[in-house]
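Read through the structure below, which is laid out as structure tokens, and then see the notes.
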Amino acid sequence: MLIFSFQLVASEKEINEQWCNAANGQIEFRTKYGTYVDCLTSTYAIETEYDYNWKEGVGQSLHYAEATGKSAAILFIVRKETKKDYLDELKKTIKFHNLKIKIFVINE
């Protein structure tokens, strides 16, 4: 698991853009289904989500992986005000179902 931190960023979209650019990825890649991958790198199809939306990230990352032939990943944004351990829930779900999803964690 890699942990990144960006400061003075206001939105999920801006965080995704900064992170994706740093990873040399393509922002908002359109799939053959007409859906949009938040960040596509040479290895990963990445869905960017705030911590409380991790469940959506699981489904979308798996869909994007199938649509692109890349590995599934989630850019997991931990909000400053978060009190609940959403990352632990995500990790347990991935492990329980033996899902091949990479998690990139950044702090808001």
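As shown in the structure tokens, the chain order sets the letters A, B, ...; within each chain, residues go from 1, and ligands are also counted from 1 in the order they appear.
The environment of segment 12-25 of chain A within 6 Å, counting only C-alpha atoms and disregarding residues fewer than 3 places along the same chain, consists of A:Cys39, A:Leu40, A:Thr41.
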Export all heavy atoms of the chosen residues as a tab-separated table (two decimals), in the first residue's frame?
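The resulting file, again-v2.tsv, is shown below:
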chain	number	residue	atom	x	y	z
A	39	CYS	N	-8.53	7.40	-13.50
A	39	CYS	CA	-7.12	7.47	-13.87
A	39	CYS	C	-6.69	6.12	-14.44
A	39	CYS	O	-6.84	5.09	-13.78
A	39	CYS	CB	-6.26	7.82	-12.65
A	39	CYS	SG	-4.49	7.94	-13.01
A	40	LEU	N	-6.16	6.14	-15.63
A	40	LEU	CA	-5.66	4.93	-16.28
A	40	LEU	C	-4.15	5.04	-16.42
A	40	LEU	O	-3.65	5.97	-17.03
A	40	LEU	CB	-6.30	4.74	-17.66
A	40	LEU	CG	-5.99	3.42	-18.34
A	40	LEU	CD1	-6.72	2.27	-17.65
A	40	LEU	CD2	-6.38	3.47	-19.82
A	41	THR	N	-3.44	4.09	-15.81
A	41	THR	CA	-1.98	4.05	-15.94
A	41	THR	C	-1.61	2.85	-16.81
A	41	THR	O	-2.49	2.11	-17.26
A	41	THR	CB	-1.28	3.93	-14.56
A	41	THR	OG1	-1.56	2.64	-14.01
A	41	THR	CG2	-1.74	5.03	-13.61
Discussion item. Residues of chain A classed as alpha helix (DSSP H) by DSSP on the backbone are to be reported as a ChimeraX atom specification.
Written reply: /A:12-22,54-68,86-96
Discussion item. Among chain A, which ones does DSSP assign to strand (DSSP E or B) (computed from the backbone)? Answer as an MDAnalysis selection string.
Written reply: chainID A and resid 2:5 26:30 36:40 44:50 71:78 101:107
Discussion item. Just want the 7 Å neighbourhood of segment 65-79 of chain A, counted on only C-alpha atoms, with same-chain residues fewer than 6 positions away dropped. Output as a PyMOL selection string.
Written reply: chain A and resi 31-32+43-51+57+100-108
Can you write just those residues out, N, CA, C and O atoms, as an mmCIF file, in the first residue's frame?
data_model
loop_
_atom_site.group_PDB
_atom_site.id
_atom_site.type_symbol
_atom_site.label_atom_id
_atom_site.label_comp_id
_atom_site.auth_asym_id
_atom_site.auth_seq_id
_atom_site.Cartn_x
_atom_site.Cartn_y
_atom_site.Cartn_z
ATOM 1 N N THR A 31 -13.999 4.230 -21.620
ATOM 2 C CA THR A 31 -13.940 2.802 -21.923
ATOM 3 C C THR A 31 -14.815 2.461 -23.124
ATOM 4 O O THR A 31 -15.588 3.300 -23.610
ATOM 5 N N LYS A 32 -14.741 1.208 -23.541
ATOM 6 C CA LYS A 32 -15.563 0.737 -24.665
ATOM 7 C C LYS A 32 -17.053 0.766 -24.333
ATOM 8 O O LYS A 32 -17.897 0.700 -25.215
ATOM 9 N N THR A 43 -0.536 0.200 -15.858
ATOM 10 C CA THR A 43 -0.828 -1.019 -15.103
ATOM 11 C C THR A 43 -2.243 -1.071 -14.545
ATOM 12 O O THR A 43 -2.862 -2.136 -14.512
ATOM 13 N N TYR A 44 -2.767 0.076 -14.099
ATOM 14 C CA TYR A 44 -4.009 0.098 -13.328
ATOM 15 C C TYR A 44 -5.120 0.950 -13.947
ATOM 16 O O TYR A 44 -4.865 1.986 -14.537
ATOM 17 N N ALA A 45 -6.359 0.461 -13.731
ATOM 18 C CA ALA A 45 -7.571 1.245 -13.971
ATOM 19 C C ALA A 45 -8.050 1.659 -12.585
ATOM 20 O O ALA A 45 -8.464 0.820 -11.782
ATOM 21 N N ILE A 46 -7.964 2.958 -12.278
ATOM 22 C CA ILE A 46 -8.123 3.435 -10.917
ATOM 23 C C ILE A 46 -9.406 4.242 -10.744
ATOM 24 O O ILE A 46 -9.668 5.183 -11.495
ATOM 25 N N GLU A 47 -10.165 3.871 -9.741
ATOM 26 C CA GLU A 47 -11.344 4.622 -9.324
ATOM 27 C C GLU A 47 -10.953 5.426 -8.095
ATOM 28 O O GLU A 47 -10.443 4.882 -7.119
ATOM 29 N N THR A 48 -11.198 6.734 -8.126
ATOM 30 C CA THR A 48 -10.886 7.609 -7.003
ATOM 31 C C THR A 48 -12.146 7.820 -6.174
ATOM 32 O O THR A 48 -13.192 8.169 -6.717
ATOM 33 N N GLU A 49 -12.040 7.576 -4.862
ATOM 34 C CA GLU A 49 -13.197 7.735 -3.974
ATOM 35 C C GLU A 49 -12.769 8.249 -2.614
ATOM 36 O O GLU A 49 -11.707 7.887 -2.107
ATOM 37 N N TYR A 50 -13.638 9.065 -2.025
ATOM 38 C CA TYR A 50 -13.469 9.409 -0.619
ATOM 39 C C TYR A 50 -13.729 8.161 0.216
ATOM 40 O O TYR A 50 -14.468 7.254 -0.202
ATOM 41 N N ASP A 51 -13.150 8.130 1.399
ATOM 42 C CA ASP A 51 -13.205 6.959 2.267
ATOM 43 C C ASP A 51 -14.617 6.408 2.474
ATOM 44 O O ASP A 51 -14.845 5.208 2.388
ATOM 45 N N GLY A 57 -16.302 2.295 -4.952
ATOM 46 C CA GLY A 57 -14.986 2.127 -5.555
ATOM 47 C C GLY A 57 -14.675 0.686 -5.914
ATOM 48 O O GLY A 57 -14.026 0.414 -6.923
ATOM 49 N N LYS A 100 -8.686 -8.904 -6.434
ATOM 50 C CA LYS A 100 -7.396 -8.351 -6.844
ATOM 51 C C LYS A 100 -7.564 -6.863 -7.105
ATOM 52 O O LYS A 100 -7.695 -6.437 -8.248
ATOM 53 N N ILE A 101 -7.580 -6.104 -6.018
ATOM 54 C CA ILE A 101 -7.713 -4.654 -6.105
ATOM 55 C C ILE A 101 -6.577 -4.019 -5.328
ATOM 56 O O ILE A 101 -6.415 -4.265 -4.137
ATOM 57 N N LYS A 102 -5.801 -3.204 -6.006
ATOM 58 C CA LYS A 102 -4.710 -2.446 -5.373
ATOM 59 C C LYS A 102 -5.316 -1.212 -4.719
ATOM 60 O O LYS A 102 -6.198 -0.574 -5.281
ATOM 61 N N ILE A 103 -4.814 -0.860 -3.549
ATOM 62 C CA ILE A 103 -5.283 0.343 -2.850
ATOM 63 C C ILE A 103 -4.152 1.352 -2.775
ATOM 64 O O ILE A 103 -3.063 1.035 -2.289
ATOM 65 N N PHE A 104 -4.406 2.551 -3.253
ATOM 66 C CA PHE A 104 -3.508 3.689 -3.085
ATOM 67 C C PHE A 104 -4.202 4.625 -2.096
ATOM 68 O O PHE A 104 -5.345 4.998 -2.308
ATOM 69 N N VAL A 105 -3.543 4.964 -1.014
ATOM 70 C CA VAL A 105 -4.145 5.777 0.033
ATOM 71 C C VAL A 105 -3.512 7.157 0.042
ATOM 72 O O VAL A 105 -2.285 7.286 0.008
ATOM 73 N N ILE A 106 -4.355 8.185 0.086
ATOM 74 C CA ILE A 106 -3.863 9.548 0.270
ATOM 75 C C ILE A 106 -4.681 10.218 1.363
ATOM 76 O O ILE A 106 -5.843 9.886 1.567
ATOM 77 N N ASN A 107 -4.065 11.115 2.049
ATOM 78 C CA ASN A 107 -4.733 11.875 3.099
ATOM 79 C C ASN A 107 -5.116 13.241 2.565
ATOM 80 O O ASN A 107 -4.321 13.882 1.893
ATOM 81 N N GLU A 108 -6.349 13.628 2.849
ATOM 82 C CA GLU A 108 -6.853 14.931 2.419
ATOM 83 C C GLU A 108 -6.101 16.048 3.109
ATOM 84 O O GLU A 108 -5.706 15.959 4.246
#
Item to complete: Choose the residue, out of A:Lys80, A:Lys55, A:Asn98, A:Tyr64, that has the smallest atom-to-atom separation from Asp38 of chain A; count only C-alpha atoms.
Response: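 Of the candidates, the smallest distance to Asp38 of chain A is held by A:Tyr64.
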Long-range neighbours of segment 84-93 of chain A as a PDB file with N, CA and C atoms, in the first residue's frame, 7 Å cut-off, only C-alpha atoms, 4 positions minimum in chain:
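The file below, part-v9.pdb, is the result:
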ATOM      1  N   ASP A  51     -13.150   8.130   1.399  1.00  0.00           N
ATOM      2  CA  ASP A  51     -13.205   6.959   2.267  1.00  0.00           C
ATOM      3  C   ASP A  51     -14.617   6.408   2.474  1.00  0.00           C
ATOM      4  N   TYR A  52     -15.605   7.255   2.706  1.00  0.00           N
ATOM      5  CA  TYR A  52     -16.961   6.792   2.986  1.00  0.00           C
ATOM      6  C   TYR A  52     -17.652   6.182   1.766  1.00  0.00           C
ATOM      7  N   TRP A  54     -16.141   3.939  -0.271  1.00  0.00           N
ATOM      8  CA  TRP A  54     -15.281   2.837  -0.695  1.00  0.00           C
ATOM      9  C   TRP A  54     -16.052   1.718  -1.378  1.00  0.00           C
ATOM     10  N   HIS A  97     -13.217 -11.669  -0.067  1.00  0.00           N
ATOM     11  CA  HIS A  97     -13.653 -12.090  -1.396  1.00  0.00           C
ATOM     12  C   HIS A  97     -12.483 -12.396  -2.329  1.00  0.00           C
TER      13      HIS A  97
END
Fill in: Interatomic distance (Å, one decimal) between atom CA of Ser42 of chain A and atom CA of Glu28 of chain A
14.2 Å
